[in-house]
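**Q** Sharing my_file_11.csv here; it has CSV, C-alpha atoms.
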```csv
chain,number,residue,atom,x,y,z
M,108,MET,CA,38.1,1.7,-18.2
M,109,GLU,CA,36.5,0.8,-21.5
M,110,ASN,CA,34.4,3.6,-22.8
M,111,GLU,CA,33.2,1.8,-25.9
M,112,GLN,CA,29.7,3.2,-25.6
M,113,LEU,CA,30.6,6.9,-25.1
M,114,THR,CA,30.9,9.5,-27.7
M,115,PRO,CA,34.2,11.5,-27.6
M,116,GLU,CA,32.4,14.5,-26.0
M,117,LEU,CA,30.8,12.4,-23.3
M,118,GLU,CA,34.0,10.5,-22.7
M,119,ARG,CA,35.8,13.8,-22.2
M,120,LEU,CA,33.1,15.0,-19.7
M,121,VAL,CA,33.0,11.7,-17.8
M,122,ASN,CA,36.8,11.6,-17.5
M,123,LYS,CA,36.8,15.0,-15.9
M,124,VAL,CA,34.5,14.0,-13.0
M,125,LYS,CA,34.3,11.2,-10.4
M,126,ILE,CA,31.9,10.1,-7.7
M,127,LYS,CA,32.5,12.3,-4.7
M,128,GLU,CA,34.0,10.5,-1.7
M,129,PRO,CA,32.1,11.0,1.6
M,130,PRO,CA,33.8,13.1,4.3
M,131,ARG,CA,36.4,11.2,6.2
M,132,ASN,CA,34.6,11.8,9.6
M,133,LEU,CA,31.6,10.0,8.2
M,134,LEU,CA,33.7,6.8,8.2
M,135,ASP,CA,34.5,7.2,12.0
M,136,GLY,CA,32.7,4.5,13.9
M,137,TYR,CA,31.3,3.0,10.7
M,138,LEU,CA,32.1,-0.6,11.7
M,139,ALA,CA,30.8,0.0,15.2
M,140,GLY,CA,27.5,1.2,13.7
M,141,VAL,CA,27.2,-1.9,11.6
M,142,ASN,CA,27.9,-4.2,14.6
M,143,ALA,CA,25.3,-2.2,16.6
M,144,LYS,CA,22.7,-2.8,13.9
M,145,ILE,CA,23.5,-6.5,13.8
M,146,ASP,CA,23.1,-6.8,17.6
M,147,GLN,CA,19.8,-4.9,17.4
M,148,ARG,CA,18.4,-7.3,14.8
M,149,MET,CA,19.7,-10.3,16.9
M,150,LYS,CA,17.7,-9.1,19.9
M,151,GLY,CA,14.6,-9.1,17.8
M,152,PRO,CA,11.7,-6.7,17.8
M,153,HIS,CA,10.7,-5.3,21.2
M,154,PHE,CA,7.2,-6.4,22.0
M,155,GLY,CA,6.3,-5.3,25.5
M,156,PHE,CA,3.2,-4.5,27.5
M,157,PRO,CA,2.2,-1.3,25.7
M,158,GLN,CA,2.4,-3.1,22.3
M,159,ALA,CA,0.3,-6.0,23.6
M,160,VAL,CA,-2.3,-3.6,24.9
M,161,ILE,CA,-2.4,-1.8,21.5
M,162,VAL,CA,-2.8,-5.0,19.7
M,163,LEU,CA,-5.6,-6.2,21.9
M,164,VAL,CA,-7.5,-2.9,21.7
M,165,ALA,CA,-7.1,-2.7,17.9
M,166,GLY,CA,-8.2,-6.3,17.6
M,167,ALA,CA,-11.3,-5.8,19.7
M,168,ALA,CA,-12.2,-2.6,17.8
M,169,LEU,CA,-11.8,-4.4,14.5
M,170,ALA,CA,-13.9,-7.4,15.7
M,171,GLY,CA,-16.6,-5.0,16.9
M,172,ALA,CA,-16.7,-3.2,13.6
M,173,LEU,CA,-16.8,-6.4,11.6
M,174,TYR,CA,-19.7,-7.6,13.8
M,175,PHE,CA,-21.8,-4.5,13.3
M,176,VAL,CA,-21.1,-4.6,9.6
M,177,TRP,CA,-22.0,-8.3,9.4
M,178,ARG,CA,-25.0,-8.3,11.6
M,179,PRO,CA,-27.4,-6.2,9.6
M,180,MET,CA,-26.5,-8.0,6.4
M,181,HIS,CA,-27.5,-11.3,7.8
M,182,SER,CA,-30.4,-10.4,10.1
M,183,LYS,CA,-33.9,-10.4,8.6
M,184,PRO,CA,-37.3,-10.4,10.1
M,185,GLN,CA,-38.2,-14.0,11.1
M,186,ILE,CA,-41.7,-13.3,12.1
M,187,LEU,CA,-43.9,-12.2,9.3
M,188,PRO,CA,-47.0,-10.1,9.6
M,189,VAL,CA,-49.8,-12.6,10.0
M,190,ILE,CA,-52.3,-11.0,7.6
M,191,ALA,CA,-49.8,-10.2,5.0
M,192,SER,CA,-48.4,-13.7,5.1
M,193,GLU,CA,-51.8,-15.3,4.9
M,194,THR,CA,-52.9,-13.0,2.0
M,195,SER,CA,-49.7,-13.7,0.1
M,196,ALA,CA,-49.9,-17.4,0.8
M,197,GLN,CA,-53.4,-17.4,-0.6
M,198,GLN,CA,-52.4,-15.4,-3.6
M,199,ASN,CA,-49.4,-17.5,-4.4
M,200,GLY,CA,-51.2,-20.8,-3.6
M,201,GLY,CA,-49.3,-21.2,-0.4
M,202,SER,CA,-45.8,-20.6,-1.9
M,203,ALA,CA,-43.2,-19.0,0.2
M,204,VAL,CA,-42.7,-15.3,-0.3
M,205,TRP,CA,-39.6,-14.9,1.7
M,206,SER,CA,-36.5,-16.7,1.0
M,207,GLY,CA,-36.3,-17.9,4.5
M,208,GLY,CA,-37.6,-21.3,3.5
M,209,LYS,CA,-40.9,-22.8,2.7
M,210,GLN,CA,-40.9,-24.9,5.8
M,211,SER,CA,-40.8,-21.9,8.2
M,212,GLN,CA,-43.2,-20.0,6.0
M,213,ASN,CA,-45.8,-22.8,5.9
M,214,SER,CA,-45.4,-23.4,9.6
M,215,GLU,CA,-46.0,-19.7,10.2
M,216,ILE,CA,-49.1,-19.8,8.0
M,217,ALA,CA,-50.3,-22.8,9.8
M,218,SER,CA,-49.9,-21.3,13.2
M,219,ALA,CA,-51.4,-18.0,12.1
M,220,SER,CA,-54.3,-19.9,10.6
M,221,LEU,CA,-54.9,-21.7,13.9
M,222,LYS,CA,-54.9,-18.4,15.7
M,223,THR,CA,-57.4,-16.5,13.6
M,224,THR,CA,-59.6,-19.3,12.1
M,225,PRO,CA,-60.6,-21.8,14.8
M,226,ARG,CA,-62.5,-24.1,12.4
M,227,ASN,CA,-61.1,-25.0,8.9
M,228,ASP,CA,-64.6,-25.7,7.5
M,229,GLU,CA,-65.8,-22.2,8.0
M,230,PRO,CA,-65.7,-19.8,5.0
M,231,LYS,CA,-62.5,-17.8,4.9
M,232,PRO,CA,-62.9,-14.2,6.0
M,233,LEU,CA,-63.2,-11.9,3.1
M,234,PRO,CA,-61.3,-8.7,3.2
M,235,SER,CA,-63.8,-6.2,4.7
M,236,LYS,CA,-63.8,-2.9,6.3
M,237,THR,CA,-63.7,-3.2,10.0
M,238,LEU,CA,-66.8,-1.6,11.6
M,239,SER,CA,-66.5,0.6,14.6
M,240,ILE,CA,-68.4,-0.4,17.8
M,241,GLU,CA,-71.0,2.3,17.1
M,242,GLU,CA,-71.6,1.1,13.6
M,243,GLU,CA,-71.9,-2.5,14.8
M,244,MET,CA,-74.4,-1.5,17.4
M,245,ALA,CA,-76.4,0.3,14.7
M,246,VAL,CA,-76.4,-2.8,12.5
M,247,LEU,CA,-77.5,-5.0,15.3
M,248,GLU,CA,-80.2,-2.7,16.2
M,249,ALA,CA,-81.3,-2.6,12.6
M,250,PHE,CA,-81.8,-6.3,12.7
M,251,SER,CA,-83.3,-6.1,16.1
M,252,GLU,CA,-80.9,-8.5,17.6
M,253,GLU,CA,-80.6,-8.4,21.3
M,254,VAL,CA,-77.1,-8.1,22.5
M,255,THR,CA,-76.8,-10.3,25.5
M,256,ASP,CA,-74.7,-9.3,28.5
M,257,ALA,CA,-72.3,-12.0,27.5
M,258,GLY,CA,-72.2,-10.4,24.0
M,259,VAL,CA,-71.5,-7.0,25.5
M,260,ASP,CA,-68.6,-8.5,27.4
M,261,LEU,CA,-67.3,-10.0,24.2
M,262,LEU,CA,-67.6,-6.9,22.2
M,263,GLY,CA,-64.2,-5.9,23.4
M,264,ASP,CA,-62.7,-9.0,21.8
M,265,ASP,CA,-61.3,-8.0,18.4
M,266,GLU,CA,-61.5,-11.5,17.0
M,267,LEU,CA,-65.1,-11.9,17.8
M,268,LEU,CA,-65.8,-8.4,16.5
M,269,ASP,CA,-64.3,-9.5,13.2
M,270,GLU,CA,-66.5,-12.6,13.1
M,271,LEU,CA,-69.6,-10.6,13.9
M,272,SER,CA,-68.8,-8.0,11.2
M,273,THR,CA,-68.2,-10.8,8.7
M,274,LEU,CA,-71.5,-12.5,9.5
M,275,ASP,CA,-73.2,-9.1,9.2
M,276,GLU,CA,-71.7,-8.6,5.8
M,277,LEU,CA,-73.0,-11.9,4.7
M,278,GLU,CA,-76.4,-11.2,5.9
M,279,LEU,CA,-76.4,-7.7,4.4
M,280,SER,CA,-75.3,-9.0,1.0
M,281,ALA,CA,-77.9,-11.8,1.0
M,282,PRO,CA,-81.1,-11.3,-1.2
M,283,ARG,CA,-84.1,-9.5,0.4
M,284,SER,CA,-86.2,-12.6,0.5
M,285,ALA,CA,-83.6,-14.2,2.7
M,286,GLN,CA,-83.8,-11.6,5.4
M,287,PRO,CA,-83.9,-13.1,8.9
M,288,VAL,CA,-87.2,-13.5,10.7
M,289,GLY,CA,-88.0,-11.1,13.4
M,290,ILE,CA,-87.8,-7.8,11.7
V,178,MET,CA,48.1,-14.6,7.5
V,179,GLU,CA,46.6,-11.1,8.0
V,180,PRO,CA,42.9,-11.1,7.8
V,181,SER,CA,43.0,-8.1,5.5
V,182,ALA,CA,45.0,-10.2,3.1
V,183,LEU,CA,42.4,-13.0,2.9
V,184,SER,CA,40.2,-13.3,-0.1
V,185,ASP,CA,36.5,-12.5,0.0
V,186,GLU,CA,35.5,-16.1,-0.2
V,187,THR,CA,37.7,-17.1,2.8
V,188,LEU,CA,36.3,-14.2,4.8
V,189,VAL,CA,32.8,-15.1,3.9
V,190,THR,CA,33.3,-18.7,4.9
V,191,GLN,CA,34.7,-17.6,8.3
V,192,ALA,CA,31.9,-15.1,8.8
V,193,ARG,CA,29.3,-17.8,8.1
V,194,GLU,CA,30.9,-19.8,10.9
V,195,GLY,CA,30.3,-16.9,13.2
V,196,SER,CA,33.5,-14.9,13.0
V,197,ARG,CA,32.5,-11.2,13.4
V,198,ASP,CA,36.1,-10.2,12.9
V,199,ALA,CA,36.1,-11.7,9.4
V,200,PHE,CA,32.9,-9.9,8.6
V,201,GLY,CA,34.4,-6.7,10.0
V,202,VAL,CA,37.3,-7.0,7.5
V,203,LEU,CA,34.7,-7.3,4.7
V,204,VAL,CA,33.0,-4.2,6.0
V,205,SER,CA,36.2,-2.2,6.1
V,206,ARG,CA,37.1,-3.4,2.6
V,207,TYR,CA,33.8,-2.2,1.0
V,208,GLN,CA,32.4,0.5,3.2
V,209,LEU,CA,33.6,3.4,1.1
V,210,GLN,CA,32.2,1.9,-2.1
V,211,ALA,CA,29.0,1.0,-0.4
V,212,ILE,CA,28.5,4.6,0.9
V,213,MET,CA,29.3,6.0,-2.6
V,214,MET,CA,26.8,3.6,-4.2
V,215,ALA,CA,24.1,4.6,-1.8
V,216,GLN,CA,25.0,8.2,-2.3
V,217,GLY,CA,24.3,7.9,-6.0
V,218,VAL,CA,20.7,7.1,-5.1
V,219,LEU,CA,20.1,9.2,-2.0
V,220,ARG,CA,22.3,12.2,-2.9
V,221,ASN,CA,23.0,12.7,0.8
V,222,SER,CA,26.0,11.4,2.6
V,223,GLU,CA,24.4,10.9,6.0
V,224,SER,CA,21.5,9.0,4.6
V,225,ALA,CA,23.9,7.0,2.4
V,226,LYS,CA,25.9,6.0,5.5
V,227,ASP,CA,22.9,4.8,7.4
V,228,ALA,CA,21.5,2.9,4.4
V,229,SER,CA,24.8,1.2,3.7
V,230,GLN,CA,25.2,0.2,7.4
V,231,ASN,CA,21.7,-1.4,7.2
V,232,ALA,CA,22.7,-3.1,4.1
V,233,PHE,CA,25.8,-4.6,5.8
V,234,ALA,CA,23.6,-5.8,8.7
V,235,LYS,CA,21.2,-7.5,6.2
V,236,ALA,CA,24.2,-9.0,4.3
V,237,TYR,CA,25.5,-10.5,7.6
V,238,PHE,CA,22.2,-12.3,8.2
V,239,GLY,CA,21.9,-13.2,4.6
V,240,LEU,CA,25.4,-14.9,4.5
V,241,ALA,CA,23.7,-18.3,5.1
V,242,ARG,CA,21.8,-17.9,1.8
V,243,PHE,CA,24.8,-16.5,-0.2
V,244,ARG,CA,25.5,-19.3,-2.7
V,245,GLY,CA,28.8,-18.0,-3.9
V,246,ASP,CA,27.9,-18.2,-7.6
V,247,ALA,CA,28.3,-14.4,-7.8
V,248,LYS,CA,31.0,-12.4,-6.3
V,249,PHE,CA,30.5,-11.2,-2.7
V,250,LYS,CA,31.1,-7.6,-3.8
V,251,THR,CA,28.3,-7.6,-6.4
V,252,TRP,CA,26.0,-9.5,-4.1
V,253,LEU,CA,26.7,-6.9,-1.4
V,254,PHE,CA,26.3,-3.9,-3.8
V,255,ARG,CA,22.8,-5.3,-4.8
V,256,ILE,CA,21.8,-5.3,-1.2
V,257,VAL,CA,23.1,-1.7,-0.8
V,258,LEU,CA,21.3,-0.5,-3.9
V,259,ASN,CA,18.0,-2.1,-2.8
V,260,GLU,CA,18.3,-0.6,0.7
V,261,ALA,CA,19.1,2.8,-0.7
V,262,LYS,CA,16.1,2.6,-3.0
V,263,ASP,CA,13.8,1.6,-0.1
V,264,VAL,CA,15.1,4.6,1.9
V,265,TYR,CA,14.6,6.9,-1.1
V,266,ARG,CA,11.0,5.7,-1.5
V,267,LYS,CA,10.2,6.2,2.2
V,268,GLU,CA,11.7,9.7,2.1
V,269,ILE,CA,9.6,10.5,-1.0
V,270,THR,CA,6.5,9.4,0.9
V,271,ARG,CA,7.4,11.2,4.0
V,272,GLY,CA,8.2,14.3,1.9
V,273,LEU,CA,4.8,14.1,0.3
V,274,PHE,CA,3.1,13.7,3.7
V,275,GLN,CA,5.0,16.7,5.0
V,276,PHE,CA,4.0,18.7,1.9
V,277,TRP,CA,0.4,17.8,2.3
V,278,SER,CA,0.4,18.5,6.0
V,279,GLY,CA,2.2,21.8,5.4
V,280,ARG,CA,5.2,20.8,7.5
V,281,GLU,CA,8.8,21.7,6.6
V,282,GLY,CA,11.0,18.8,5.6
V,283,SER,CA,13.7,18.2,8.1
V,284,GLU,CA,15.8,15.7,6.1
V,285,GLY,CA,19.3,16.6,4.7
V,286,GLU,CA,19.4,18.6,1.5
V,287,GLU,CA,20.5,16.9,-1.7
V,288,GLU,CA,24.2,17.0,-2.3
V,289,SER,CA,26.2,16.8,-5.4
V,290,ILE,CA,27.5,13.3,-6.0
V,291,LEU,CA,30.2,14.3,-8.4
V,292,GLU,CA,33.4,16.1,-8.0
V,293,ILE,CA,36.0,17.4,-10.5
V,294,ILE,CA,39.2,15.4,-10.9
V,295,PRO,CA,41.8,18.0,-10.1
V,296,SER,CA,44.3,18.7,-12.8
V,297,SER,CA,47.4,20.7,-12.5
V,298,GLY,CA,47.9,24.1,-14.1
V,299,GLN,CA,44.2,24.8,-14.3
V,300,SER,CA,43.3,28.5,-14.7
V,301,PRO,CA,40.4,30.0,-12.7
V,302,ARG,CA,38.3,30.2,-15.9
V,303,GLU,CA,39.0,26.6,-16.6
V,304,ALA,CA,38.1,25.6,-13.1
V,305,PHE,CA,34.8,27.6,-13.3
V,306,GLU,CA,33.9,25.9,-16.6
V,307,ALA,CA,34.8,22.5,-15.2
V,308,GLN,CA,32.4,23.2,-12.3
V,309,GLU,CA,29.6,24.1,-14.8
V,310,THR,CA,30.3,21.0,-16.8
V,311,LYS,CA,30.1,18.9,-13.7
V,312,ALA,CA,26.8,20.5,-12.7
V,313,GLN,CA,25.4,20.0,-16.2
V,314,LEU,CA,26.5,16.4,-16.4
V,315,GLU,CA,25.0,15.7,-12.9
V,316,ARG,CA,21.6,17.3,-13.9
V,317,ALA,CA,21.6,15.3,-17.2
V,318,ILE,CA,22.4,12.0,-15.4
V,319,TYR,CA,19.4,12.5,-13.0
V,320,GLU,CA,17.1,13.2,-15.9
V,321,LEU,CA,17.7,9.7,-17.2
V,322,PRO,CA,15.2,6.9,-16.5
V,323,GLU,CA,16.1,5.0,-13.4
V,324,ARG,CA,17.5,1.8,-15.0
V,325,GLU,CA,19.6,3.7,-17.5
V,326,ARG,CA,20.9,6.0,-14.8
V,327,GLU,CA,21.9,3.1,-12.6
V,328,VAL,CA,23.7,1.3,-15.3
V,329,PHE,CA,25.5,4.5,-16.4
V,330,VAL,CA,26.6,5.5,-12.9
V,331,LEU,CA,27.7,1.9,-11.9
V,332,ARG,CA,29.7,1.6,-15.2
V,333,TYR,CA,31.3,5.0,-15.7
V,334,LEU,CA,31.3,6.6,-12.3
V,335,ASN,CA,31.7,3.6,-9.9
V,336,GLY,CA,34.0,1.9,-12.3
V,337,LEU,CA,32.4,-1.5,-12.3
V,338,ALA,CA,32.9,-3.9,-15.3
V,339,LEU,CA,29.9,-4.7,-17.5
V,340,SER,CA,29.6,-8.2,-16.0
V,341,GLU,CA,29.8,-6.7,-12.5
V,342,VAL,CA,27.0,-4.2,-13.4
V,343,ALA,CA,24.9,-7.1,-14.7
V,344,GLU,CA,25.4,-9.1,-11.5
V,345,THR,CA,24.8,-6.2,-9.2
V,346,LEU,CA,21.5,-5.2,-10.9
V,347,GLY,CA,20.5,-8.8,-11.6
V,348,MET,CA,20.3,-8.3,-15.4
V,349,ALA,CA,21.6,-10.1,-18.4
V,350,LEU,CA,24.7,-8.7,-19.9
V,351,GLY,CA,22.9,-7.8,-23.1
V,352,THR,CA,20.3,-5.9,-21.2
V,353,VAL,CA,23.0,-3.9,-19.5
V,354,LYS,CA,24.6,-3.0,-22.8
V,355,ALA,CA,21.2,-2.0,-24.2
V,356,HIS,CA,20.5,0.3,-21.2
V,357,LEU,CA,23.9,1.7,-21.5
V,358,ALA,CA,23.5,2.5,-25.2
V,359,HIS,CA,20.1,4.1,-24.7
V,360,GLY,CA,21.3,6.0,-21.7
V,361,THR,CA,24.3,7.4,-23.6
V,362,VAL,CA,22.2,8.6,-26.5
V,363,LYS,CA,19.7,10.3,-24.1
V,364,LEU,CA,22.5,11.9,-22.1
V,365,LYS,CA,24.0,13.3,-25.2
V,366,SER,CA,20.7,14.9,-26.3
V,367,ILE,CA,20.1,16.3,-22.9
V,368,LEU,CA,23.5,17.8,-22.7
V,369,SER,CA,23.1,19.2,-26.3
V,370,ALA,CA,19.8,20.8,-25.3
V,371,SER,CA,21.3,22.3,-22.2
V,372,ALA,CA,24.4,23.5,-24.1
V,373,LYS,CA,22.1,25.3,-26.6
V,374,THR,CA,20.2,26.9,-23.7
V,375,GLY,CA,23.5,27.9,-22.1
V,376,LEU,CA,24.8,29.3,-25.3
V,377,ALA,CA,21.6,31.3,-25.7
V,378,GLY,CA,21.9,32.5,-22.2
V,379,ARG,CA,25.5,33.6,-22.8
V,380,GLN,CA,24.4,35.4,-26.0
V,381,VAL,CA,21.6,37.2,-24.0
V,382,GLY,CA,24.1,38.1,-21.3
V,383,SER,CA,26.5,39.5,-23.8
V,384,GLN,CA,23.7,41.5,-25.4
V,385,MET,CA,22.7,42.8,-22.1
V,386,LYS,CA,26.2,44.0,-21.4
V,387,SER,CA,26.3,45.9,-24.7
V,388,ILE,CA,23.1,47.9,-23.8
```
What is this file in structure tokens?

**A**
Amino acid sequence: MENEQLTPELERLVNKVKIKEPPRNLLDGYLAGVNAKIDQRMKGPHFGFPQAVIVLVAGAALAGALYFVWRPMHSKPQILPVIASETSAQQNGGSAVWSGGKQSQNSEIASASLKTTPRNDEPKPLPSKTLSIEEEMAVLEAFSEEVTDAGVDLLGDDELLDELSTLDELELSAPRSAQPVGI
Amino acid sequence: MEPSALSDETLVTQAREGSRDAFGVLVSRYQLQAIMMAQGVLRNSESAKDASQNAFAKAYFGLARFRGDAKFKTWLFRIVLNEAKDVYRKEITRGLFQFWSGREGSEGEEESILEIIPSSGQSPREAFEAQETKAQLERAIYELPEREREVFVLRYLNGLALSEVAETLGMALGTVKAHLAHGTVKLKSILSASAKTGLAGRQVGSQMKSI
């Protein structure tokens, strides 16, 4: 053996030792063991019913977990609050607030507008404090307006109440000389 | 002609054609060296036997890819070393897991991979010193970095030629020589340091005796 790299001391040490041979009984059946391992690899991995069940269950669990993670990330409210959308549409000049697309936004505004304002030529409702029924009755009495039976029936209608309160506001804010006749 | 007298190349050709007997001859020819090579990594003869058997099985299925540009022996030894390293890494991981889980390890203990070459006319004191030298050398070898240790063990303890070491480890010959040079220098410094500690220990021991 060429020991060209070793110093004399190291060479002396190395020459005193050798790699230990394994016990002889370890070699018994060695070739049979190799052949057994070859045969085992030839048969291929065992994939039976229990393994199939485990794979299916694990796959279903993973799919479910992915679905629940993915779902909240991609779901967003499609229907916007009507008043908020109208207000924001007015403030932004009709531009979309949500990134859901201007088309859907505008269509929602259009449909919301149809619901709350039957006629487009009427003045747009101003933001106003909603009066309670008692307050409205007091206002009507103050202006000596008779509430018809039909009107009483309609008092329960929120939309009409809004219209009435708006008209009342307009009348109350008008100059004194413009007060209606009949007081 | 006896199968055991056939060359490696002939046996490999026959084994490729499906002759399990030809492959069996190759196994018998290199089993001892394969176990000893795996033992150098795993430091346990049972684990080394299992790893080397797995390596032979992999070599059997890899014969179709063996191009014959390297020797069968060095190609086989590369598979054995890689298999032994894989087993070693798995045992490290399992040992860490058992440590964290508070379980006792059930694997075989580490064994010494070296033994003294017997010499005639050795006194008991010389035999004792030889055992100490062997233990020191083994400790020093396992303090070397992995690559330098592999090169050193293959070259000086397994008796492979430099070119065979290069083929087995898949390195250039120059790289093998560089690793060998660095490993030798480090080994020398480790042994010097441990000799100083040993000398100091013996001095302390002699002082203790004089009290």

**Q** Quick one: which residues from chain M are at most 9 Å off chain V, using all atoms listed in the file, as a ChimeraX atom specification?

**A** /M:108-110,112-114,116-117,120-130,133-134,137-138,140-146,148

**Q** Of the candidates M:Ala245, M:Leu238, M:Ile161, M:Leu169, which one gets nearest to Glu276 in chain M if we count only C-alpha atoms?

**A**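 Looking at the shortest contact to Glu276 in chain M, the residue is M:Leu238.
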
**Q** Find the distance between CA of Leu203 in chain V and CA of Ile256 in chain V and write it in Å to one decimal.

**A**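 Interatomic distance, CA of Leu203 in chain V to CA of Ile256 in chain V: 14.3 Å.
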
**Q** Rounded to one decimal, what separation in Å do you get between CA of Phe249 in chain V and CA of Glu287 in chain V?

**A**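 The value is 29.8 Å.
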
**Q** Tell me which of V:Val218, V:Ala343, V:Ile269, V:Ala192 sits closest to Leu240 in chain V, counting all atoms listed in the file.

**A**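 Answer, going by the shortest atom-to-atom distance: V:Ala192.
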
**Q** In Å to one decimal, how far is CA of Lys267 in chain V from CA of Val342 in chain V?

**A** 25.2 Å
